[in-house]
file model_15.pdb (PDB, C-alpha atoms)
ATOM      1  CA  MET A 446     123.954 102.521 127.183
ATOM      2  CA  PRO A 447     124.311  98.764 126.523
ATOM      3  CA  LYS A 448     126.941  97.776 124.012
ATOM      4  CA  VAL A 449     127.575  94.586 122.089
ATOM      5  CA  ARG A 450     130.857  93.682 120.500
ATOM      6  CA  ILE A 451     131.014  91.135 117.746
ATOM      7  CA  LYS A 452     134.306  89.814 116.483
ATOM      8  CA  PHE A 453     134.754  88.194 113.102
ATOM      9  CA  GLU A 454     137.807  86.528 111.747
ATOM     10  CA  GLU A 455     138.828  88.089 108.455
ATOM     11  CA  GLY A 456     138.572  84.784 106.574
ATOM     12  CA  THR A 457     135.025  84.235 107.835
ATOM     13  CA  LEU A 458     133.983  87.691 106.644
ATOM     14  CA  SER A 459     135.296  87.166 103.131
ATOM     15  CA  ASP A 460     133.471  83.804 102.982
ATOM     16  CA  PHE A 461     130.299  85.554 104.139
ATOM     17  CA  ASP A 462     130.827  88.330 101.582
ATOM     18  CA  ALA A 463     131.297  85.821  98.765
ATOM     19  CA  ALA A 464     128.197  83.850  99.845
ATOM     20  CA  LEU A 465     126.158  87.060  99.979
ATOM     21  CA  LYS A 466     127.287  88.076  96.491
ATOM     22  CA  THR A 467     126.291  84.650  95.174
ATOM     23  CA  VAL A 468     122.868  84.940  96.807
ATOM     24  CA  LEU A 469     122.343  88.425  95.323
ATOM     25  CA  LYS A 470     123.440  87.254  91.886
ATOM     26  CA  ASN A 471     121.151  84.201  92.065
ATOM     27  CA  THR A 472     118.252  86.303  93.341
ATOM     28  CA  SER A 473     118.562  88.844  90.539
ATOM     29  CA  TYR A 474     118.867  86.144  87.864
ATOM     30  CA  THR A 475     115.983  84.145  89.344
ATOM     31  CA  SER A 476     113.776  87.242  89.644
ATOM     32  CA  ILE A 477     114.188  87.972  85.941
ATOM     33  CA  ARG A 478     113.512  84.332  85.052
ATOM     34  CA  ALA A 479     110.509  84.234  87.419
ATOM     35  CA  VAL A 480     108.954  87.355  85.890
ATOM     36  CA  GLU A 481     109.617  85.912  82.432
ATOM     37  CA  GLU A 482     107.916  82.630  83.387
ATOM     38  CA  ASP A 483     104.958  84.510  84.852
ATOM     39  CA  CYS A 484     104.598  86.620  81.700
ATOM     40  CA  LYS A 485     104.615  83.441  79.596
ATOM     41  CA  GLU A 486     101.952  81.834  81.788
ATOM     42  CA  VAL A 487      99.685  84.906  81.721
ATOM     43  CA  LEU A 488     100.124  85.203  77.957
ATOM     44  CA  GLU A 489      99.101  81.543  77.543
ATOM     45  CA  LEU A 490      95.984  82.156  79.638
ATOM     46  CA  SER A 491      95.226  85.266  77.607
ATOM     47  CA  LEU A 492      95.705  83.454  74.284
ATOM     48  CA  ALA A 493      93.074  80.946  75.414
ATOM     49  CA  GLU A 494      90.600  83.828  75.784
ATOM     50  CA  VAL A 495      91.430  86.183  72.907
ATOM     51  CA  PRO A 496      88.852  86.211  70.055
ATOM     52  CA  ARG A 497      90.273  84.311  67.086
ATOM     53  CA  GLN A 498      88.151  85.074  64.072
ATOM     54  CA  THR A 499      91.274  85.675  61.980
ATOM     55  CA  ASP A 500      94.008  85.007  64.573
ATOM     56  CA  THR A 501      95.392  88.519  63.959
ATOM     57  CA  LEU A 502      95.142  89.565  67.597
ATOM     58  CA  ALA A 503      96.673  86.296  68.783
ATOM     59  CA  ILE A 504      99.619  86.727  66.387
ATOM     60  CA  SER A 505     100.189  90.241  67.738
ATOM     61  CA  ALA A 506     100.459  89.041  71.368
ATOM     62  CA  TYR A 507     103.837  89.578  73.022
ATOM     63  CA  TYR A 508     105.676  89.840  76.312
ATOM     64  CA  SER A 509     108.932  91.482  77.297
ATOM     65  CA  VAL A 510     111.021  91.614  80.463
ATOM     66  CA  LYS A 511     113.412  94.461  81.249
ATOM     67  CA  GLU A 512     115.616  95.335  84.203
ATOM     68  CA  GLU A 513     116.124  99.051  84.794
ATOM     69  CA  ASN A 514     117.661 100.552  87.958
ATOM     70  CA  ASN A 515     117.248  97.245  89.810
ATOM     71  CA  ILE A 516     113.543  97.139  88.966
ATOM     72  CA  ILE A 517     112.331  94.219  86.886
ATOM     73  CA  LYS A 518     109.428  95.060  84.610
ATOM     74  CA  GLY A 519     107.352  92.510  82.740
ATOM     75  CA  GLU A 520     105.026  93.677  79.978
ATOM     76  CA  ILE A 521     102.328  91.612  78.311
ATOM     77  CA  GLY A 522     100.312  93.033  75.465
ATOM     78  CA  TYR A 523      98.828  92.937  72.005
ATOM     79  CA  GLY A 524      99.638  94.975  68.911
ATOM     80  CA  GLY A 525     103.245  93.743  68.860
ATOM     81  CA  ASN A 526     105.175  91.390  66.547
ATOM     82  CA  GLY A 527     105.049  93.926  63.715
ATOM     83  CA  ASP A 528     101.397  94.816  64.417
ATOM     84  CA  PRO A 529      99.826  92.367  61.909
ATOM     85  CA  VAL A 530      96.952  93.485  59.690
ATOM     86  CA  ASN A 531      93.520  91.879  59.915
ATOM     87  CA  PRO A 532      92.883  90.249  56.486
ATOM     88  CA  ILE A 533      89.140  91.012  56.632
ATOM     89  CA  THR A 534      89.123  94.649  57.759
ATOM     90  CA  GLY A 535      92.597  95.757  56.676
ATOM     91  CA  SER A 536      93.199  97.277  60.109
ATOM     92  CA  PRO A 537      96.326  96.626  62.148
ATOM     93  CA  ALA A 538      95.732  94.806  65.461
ATOM     94  CA  SER A 539      96.655  97.892  67.491
ATOM     95  CA  GLU A 540      93.743  99.818  65.943
ATOM     96  CA  TYR A 541      90.993  97.534  67.201
ATOM     97  CA  MET A 542      92.465  95.523  70.093
ATOM     98  CA  VAL A 543      91.080  97.921  72.728
ATOM     99  CA  ALA A 544      87.554  97.898  71.271
ATOM    100  CA  VAL A 545      87.538  94.080  71.172
ATOM    101  CA  HIS A 546      88.905  93.961  74.718
ATOM    102  CA  GLU A 547      86.326  96.383  76.127
ATOM    103  CA  ASP A 548      83.172  95.590  74.143
ATOM    104  CA  LEU A 549      81.303  93.403  76.618
ATOM    105  CA  ALA A 550      78.242  93.182  74.356
ATOM    106  CA  ALA A 551      80.059  91.728  71.349
ATOM    107  CA  PHE A 552      79.527  88.076  70.454
ATOM    108  CA  HIS A 553      82.579  85.954  69.638
ATOM    109  CA  ILE A 554      82.512  82.358  68.390
ATOM    110  CA  HIS A 555      85.960  81.851  69.921
ATOM    111  CA  GLY A 556      87.198  83.946  72.819
ATOM    112  CA  LYS A 557      85.761  86.865  74.779
ATOM    113  CA  ALA A 558      86.163  90.501  75.816
ATOM    114  CA  LYS A 559      88.569  91.286  78.665
ATOM    115  CA  TYR A 560      90.904  88.666  77.199
ATOM    116  CA  LEU A 561      93.928  90.261  78.886
ATOM    117  CA  GLU A 562      92.489  91.918  82.011
ATOM    118  CA  ASP A 563      90.755  88.783  83.299
ATOM    119  CA  PRO A 564      93.837  86.492  83.111
ATOM    120  CA  VAL A 565      96.058  89.191  84.640
ATOM    121  CA  ARG A 566      93.662  89.728  87.557
ATOM    122  CA  ALA A 567      93.259  86.004  88.133
ATOM    123  CA  TYR A 568      97.025  85.451  88.003
ATOM    124  CA  THR A 569      97.878  88.403  90.244
ATOM    125  CA  GLU A 570      96.252  86.735  93.240
ATOM    126  CA  GLY A 571      98.897  83.968  93.310
ATOM    127  CA  PHE A 572     101.779  86.026  91.927
ATOM    128  CA  GLY A 573     103.405  86.848  95.297
ATOM    129  CA  ASP A 574     103.470  83.217  96.445
ATOM    130  CA  SER A 575     104.780  82.055  93.079
ATOM    131  CA  LEU A 576     107.640  84.578  93.096
ATOM    132  CA  TYR A 577     108.452  83.856  96.753
ATOM    133  CA  SER A 578     108.785  80.105  96.204
ATOM    134  CA  LYS A 579     111.019  80.608  93.157
ATOM    135  CA  LEU A 580     113.277  83.058  95.018
ATOM    136  CA  LYS A 581     113.412  80.828  98.109
ATOM    137  CA  LYS A 582     114.586  77.938  95.967
ATOM    138  CA  ALA A 583     117.291  80.136  94.395
ATOM    139  CA  VAL A 584     118.550  81.429  97.755
ATOM    140  CA  GLU A 585     118.677  77.936  99.255
ATOM    141  CA  SER A 586     120.511  76.414  96.284
TER     142      SER A 586
ATOM    143  CA  MET B1137      66.342  92.144  99.964
ATOM    144  CA  ALA B1138      69.095  94.451  98.733
ATOM    145  CA  ASN B1139      69.030  96.022  95.288
ATOM    146  CA  PRO B1140      71.426  94.681  92.652
ATOM    147  CA  LEU B1141      74.664  96.668  92.606
ATOM    148  CA  LEU B1142      74.105  98.071  89.118
ATOM    149  CA  LEU B1143      70.655  99.355  90.057
ATOM    150  CA  ASP B1144      72.119 101.106  93.104
ATOM    151  CA  MET B1145      74.737 102.698  90.847
ATOM    152  CA  VAL B1146      72.069 103.866  88.383
ATOM    153  CA  LEU B1147      70.093 105.367  91.300
ATOM    154  CA  TYR B1148      73.258 107.133  92.433
ATOM    155  CA  LEU B1149      73.841 108.614  88.965
ATOM    156  CA  HIS B1150      70.176 109.673  88.844
ATOM    157  CA  ASN B1151      70.485 111.412  92.227
ATOM    158  CA  LYS B1152      73.547 113.239  90.899
ATOM    159  CA  GLY B1153      71.482 114.419  87.910
ATOM    160  CA  LEU B1154      73.550 112.529  85.342
ATOM    161  CA  VAL B1155      70.892 110.131  84.031
ATOM    162  CA  GLU B1156      67.096 110.250  83.881
ATOM    163  CA  GLY B1157      66.533 106.766  85.190
ATOM    164  CA  ASP B1158      66.799 103.013  84.962
ATOM    165  CA  GLY B1159      65.422 101.799  81.623
ATOM    166  CA  VAL B1160      65.024 105.368  80.331
ATOM    167  CA  ASP B1161      68.554 106.427  79.412
ATOM    168  CA  ALA B1162      70.459 104.176  81.814
ATOM    169  CA  PHE B1163      70.686 100.433  81.348
ATOM    170  CA  ARG B1164      72.167  97.475  83.170
ATOM    171  CA  ASP B1165      74.095  94.719  81.363
ATOM    172  CA  PHE B1166      72.282  95.701  78.179
ATOM    173  CA  LEU B1167      73.014  98.203  75.416
ATOM    174  CA  PRO B1168      69.772  98.902  73.519
ATOM    175  CA  GLU B1169      69.713 100.086  69.900
ATOM    176  CA  ALA B1170      67.548 103.074  70.923
ATOM    177  CA  PRO B1171      67.660 105.720  72.252
ATOM    178  CA  ASP B1172      70.956 106.938  70.806
ATOM    179  CA  ASN B1173      72.239 108.642  73.924
ATOM    180  CA  VAL B1174      72.547 106.202  76.805
ATOM    181  CA  VAL B1175      74.635 105.094  79.738
ATOM    182  CA  THR B1176      75.058 101.358  80.250
ATOM    183  CA  LEU B1177      76.655  99.673  83.243
ATOM    184  CA  TYR B1178      78.073  96.200  82.785
ATOM    185  CA  GLU B1179      79.283  93.964  85.569
ATOM    186  CA  TYR B1180      82.127  91.630  84.601
ATOM    187  CA  THR B1181      84.531  89.272  86.353
ATOM    188  CA  GLY B1182      85.382  90.158  89.930
ATOM    189  CA  SER B1183      86.899  88.176  92.745
ATOM    190  CA  PRO B1184      85.458  86.965  96.037
ATOM    191  CA  THR B1185      88.577  87.555  98.108
ATOM    192  CA  VAL B1186      88.578  90.364 100.635
ATOM    193  CA  ASN B1187      90.365  89.214 103.746
ATOM    194  CA  TYR B1188      88.554  89.629 107.073
ATOM    195  CA  GLU B1189      85.546  91.264 105.418
ATOM    196  CA  THR B1190      82.212  90.069 104.127
ATOM    197  CA  ALA B1191      82.718  92.246 101.048
ATOM    198  CA  VAL B1192      83.681  91.060  97.578
ATOM    199  CA  ASN B1193      85.657  92.729  94.791
ATOM    200  CA  ARG B1194      83.458  93.417  91.794
ATOM    201  CA  SER B1195      84.187  94.945  88.394
ATOM    202  CA  VAL B1196      81.946  97.404  86.586
ATOM    203  CA  GLN B1197      82.305  99.017  83.185
ATOM    204  CA  ILE B1198      80.651 102.407  82.673
ATOM    205  CA  LEU B1199      79.808 102.968  79.007
ATOM    206  CA  VAL B1200      78.497 106.224  77.551
ATOM    207  CA  ARG B1201      77.095 106.388  74.000
ATOM    208  CA  ASN B1202      76.141 109.610  72.263
ATOM    209  CA  THR B1203      75.715 110.891  68.711
ATOM    210  CA  ASN B1204      78.034 113.740  69.692
ATOM    211  CA  ALA B1205      81.583 112.763  70.593
ATOM    212  CA  ASN B1206      82.108 115.677  72.954
ATOM    213  CA  SER B1207      78.855 114.992  74.817
ATOM    214  CA  ALA B1208      79.847 111.320  75.252
ATOM    215  CA  ARG B1209      83.236 112.312  76.572
ATOM    216  CA  GLU B1210      81.868 115.015  78.888
ATOM    217  CA  LEU B1211      79.253 112.725  80.441
ATOM    218  CA  ALA B1212      81.823 109.965  80.911
ATOM    219  CA  LEU B1213      84.076 112.474  82.688
ATOM    220  CA  GLU B1214      81.208 113.698  84.897
ATOM    221  CA  ILE B1215      80.425 110.119  85.940
ATOM    222  CA  TYR B1216      84.142 109.585  86.561
ATOM    223  CA  ARG B1217      84.185 112.643  88.846
ATOM    224  CA  VAL B1218      81.213 111.551  90.961
ATOM    225  CA  LEU B1219      82.681 108.065  91.391
ATOM    226  CA  TYR B1220      86.133 109.335  92.295
ATOM    227  CA  SER B1221      86.821 109.960  95.956
ATOM    228  CA  THR B1222      90.181 110.281  97.680
ATOM    229  CA  SER B1223      88.872 108.064 100.470
ATOM    230  CA  THR B1224      87.482 105.673  97.800
ATOM    231  CA  ARG B1225      84.207 105.481  99.782
ATOM    232  CA  VAL B1226      81.054 106.178  97.800
ATOM    233  CA  ASP B1227      77.545 105.895  99.268
ATOM    234  CA  PHE B1228      75.430 104.709  96.337
ATOM    235  CA  THR B1229      72.231 104.585  98.410
ATOM    236  CA  ALA B1230      71.336 104.739 102.110
ATOM    237  CA  GLU B1231      71.662 100.945 102.181
ATOM    238  CA  ARG B1232      74.806 100.478 100.100
ATOM    239  CA  PHE B1233      78.242 101.984 100.417
ATOM    240  CA  ALA B1234      81.298 100.802  98.529
ATOM    241  CA  ALA B1235      84.975 101.417  97.989
ATOM    242  CA  VAL B1236      85.364 102.436  94.357
ATOM    243  CA  TYR B1237      88.736 102.063  92.643
ATOM    244  CA  ILE B1238      88.913 103.842  89.308
ATOM    245  CA  ARG B1239      90.917 101.659  86.912
ATOM    246  CA  GLN B1240      91.493 104.278  84.221
ATOM    247  CA  THR B1241      90.215 107.600  82.958
ATOM    248  CA  PRO B1242      87.451 107.537  80.311
ATOM    249  CA  PHE B1243      88.622 106.688  76.802
ATOM    250  CA  LYS B1244      86.997 106.309  73.385
ATOM    251  CA  MET B1245      86.212 102.650  72.854
ATOM    252  CA  ARG B1246      84.784 102.822  69.333
ATOM    253  CA  ILE B1247      82.304 104.366  66.899
ATOM    254  CA  ASP B1248      79.351 102.070  66.243
ATOM    255  CA  GLU B1249      77.583 101.237  62.954
ATOM    256  CA  SER B1250      75.221 104.207  63.416
ATOM    257  CA  ASN B1251      78.152 106.624  63.890
ATOM    258  CA  ARG B1252      77.495 106.984  67.616
ATOM    259  CA  ILE B1253      80.555 107.520  69.786
ATOM    260  CA  ILE B1254      81.195 105.199  72.708
ATOM    261  CA  TYR B1255      83.350 106.200  75.670
ATOM    262  CA  CYS B1256      83.972 103.949  78.640
ATOM    263  CA  PHE B1257      86.035 103.317  81.742
ATOM    264  CA  ASN B1258      86.233 100.564  84.331
ATOM    265  CA  VAL B1259      86.046 100.577  88.102
ATOM    266  CA  GLY B1260      86.645  98.045  90.842
ATOM    267  CA  VAL B1261      83.891  98.091  93.458
ATOM    268  CA  THR B1262      84.393  96.502  96.851
ATOM    269  CA  THR B1263      80.971  96.005  98.379
ATOM    270  CA  SER B1264      78.540  93.360  99.553
ATOM    271  CA  ILE B1265      77.274  90.623  97.273
ATOM    272  CA  ASP B1266      73.638  91.303  96.322
TER     273      ASP B1266
END
call {"tool": "encode", "arguments": {"input": "model_15.pdb", "output": "structure tokens"}}
result
Amino acid sequence: MPKVRIKFEEGTLSDFDAALKTVLKNTSYTSIRAVEEDCKEVLELSLAEVPRQTDTLAISAYYSVKEENNIIKGEIGYGGNGDPVNPITGSPASEYMVAVHEDLAAFHIHGKAKYLEDPVRAYTEGFGDSLYSKLKKAVES
Amino acid sequence: MANPLLLDMVLYLHNKGLVEGDGVDAFRDFLPEAPDNVVTLYEYTGSPTVNYETAVNRSVQILVRNTNANSARELALEIYRVLYSTSTRVDFTAERFAAVYIRQTPFKMRIDESNRIIYCFNVGVTTSID
């Protein structure tokens, strides 16, 4: 069976170890920032499409980023920020946001149905490349 | 010339015994005021990117309206079941097959002004452009 022996000097290994730890730290930090930036960008796209008769839905828009068990989760949604109440109907945003999102027959002077799904789907196509370039920059720095 | 996708889907639902027919109780991109109990299919934003294939990714909403909430829910679930396949492949007609990706289970969207209950769910459909 072929064997390969590699020798490292102890000093070199500790330098390598330190460099690796820095890369991991930078990657983790950058990943969180990258997901946060992406959430912000998707939310901006969504806010350009959300119906704005009273602005209630727009005010309820939010994003959050969490890291749990080394998994970074970004969440973008409506019905947050205290779940504001529509001044015309008296209903909180969370009560009607799904109907407005899904009702493809409804007419809106400003905005449209699928105000969250469409931006998310459009953004997802470039998401991998965007994250890769941000991480590459962090690892190289 | 190939049928429009939504017409092929209506024909599929008719062959499964779930709707009477196009323009009778099943409609495409249009929700009429009457009759009360209808199924409407809407096509909305898709994307033209399927690598190495001539297919495109399309999006379809299946909407079921009924004066009875349970009937609306049951029909929506039956349509869900005939569109669901573990292989994702569904043959809508002899001329059109598609990969159908269910995006969620049926849910109540709203109650309309005439107290009719509306259930819906969305699917991704990878198939040819019409």
call {"tool": "resolve_selection", "arguments": {"input": "model_15.pdb", "expression": "the ChimeraX specification (/B :<8) & /A", "output": "count of residues only"}}
result
7
call {"tool": "atom_distance", "arguments": {"input": "model_15.pdb", "atom1": "CA of Lys579 in chain A", "atom2": "CA of Asn471 in chain A"}}
result
10.8 Å
call {"tool": "resolve_selection", "arguments": {"input": "model_15.pdb", "expression": "the PyMOL selection byres ((chain A and resi 493-510) around 8)", "output": "ChimeraX atom specification"}}
result
/A:477,480-481,484-485,488-492,511-512,517-533,538,542,553-558,560-561
call {"tool": "resolve_selection", "arguments": {"input": "model_15.pdb", "expression": "the PyMOL selection byres ((chain A and resi 456-470) around 9)", "output": "mmCIF file with C-alpha atoms, in the coordinates of the input"}}
result
data_model
loop_
_atom_site.group_PDB
_atom_site.id
_atom_site.type_symbol
_atom_site.label_atom_id
_atom_site.label_comp_id
_atom_site.auth_asym_id
_atom_site.auth_seq_id
_atom_site.Cartn_x
_atom_site.Cartn_y
_atom_site.Cartn_z
ATOM 1 C CA PHE A 453 134.754 88.194 113.102
ATOM 2 C CA GLU A 454 137.807 86.528 111.747
ATOM 3 C CA GLU A 455 138.828 88.089 108.455
ATOM 4 C CA ASN A 471 121.151 84.201 92.065
ATOM 5 C CA THR A 472 118.252 86.303 93.341
ATOM 6 C CA SER A 473 118.562 88.844 90.539
ATOM 7 C CA TYR A 474 118.867 86.144 87.864
ATOM 8 C CA THR A 475 115.983 84.145 89.344
ATOM 9 C CA ALA A 583 117.291 80.136 94.395
ATOM 10 C CA VAL A 584 118.550 81.429 97.755
ATOM 11 C CA GLU A 585 118.677 77.936 99.255
ATOM 12 C CA SER A 586 120.511 76.414 96.284
#
call {"tool": "closest_residue", "arguments": {"input": "model_15.pdb", "among": "B:Val1226, B:Ile1238, B:Leu1143, B:Val1261", "to": "Leu1213 in chain B", "atoms": "all atoms listed in the file"}}
result
B:Ile1238
call {"tool": "atom_distance", "arguments": {"input": "model_15.pdb", "atom1": "CA of Glu482 in chain A", "atom2": "CA of Ala567 in chain A"}}
result
15.8 Å
call {"tool": "residues_around", "arguments": {"input": "model_15.pdb", "residues": "Glu1169 in chain B", "least_positions_apart": "4", "cutoff": "10 Å", "atoms": "only C-alpha atoms", "output": "CSV table (one decimal) with C-alpha atoms, in the coordinates of the input"}}
result
chain,number,residue,atom,x,y,z
B,1173,ASN,CA,72.2,108.6,73.9
B,1174,VAL,CA,72.5,106.2,76.8
B,1250,SER,CA,75.2,104.2,63.4
call {"tool": "closest_residue", "arguments": {"input": "model_15.pdb", "among": "B:Phe1233, B:Pro1171, B:Glu1249, B:Leu1142", "to": "Ser1264 in chain B", "atoms": "all atoms listed in the file"}}
result
B:Phe1233
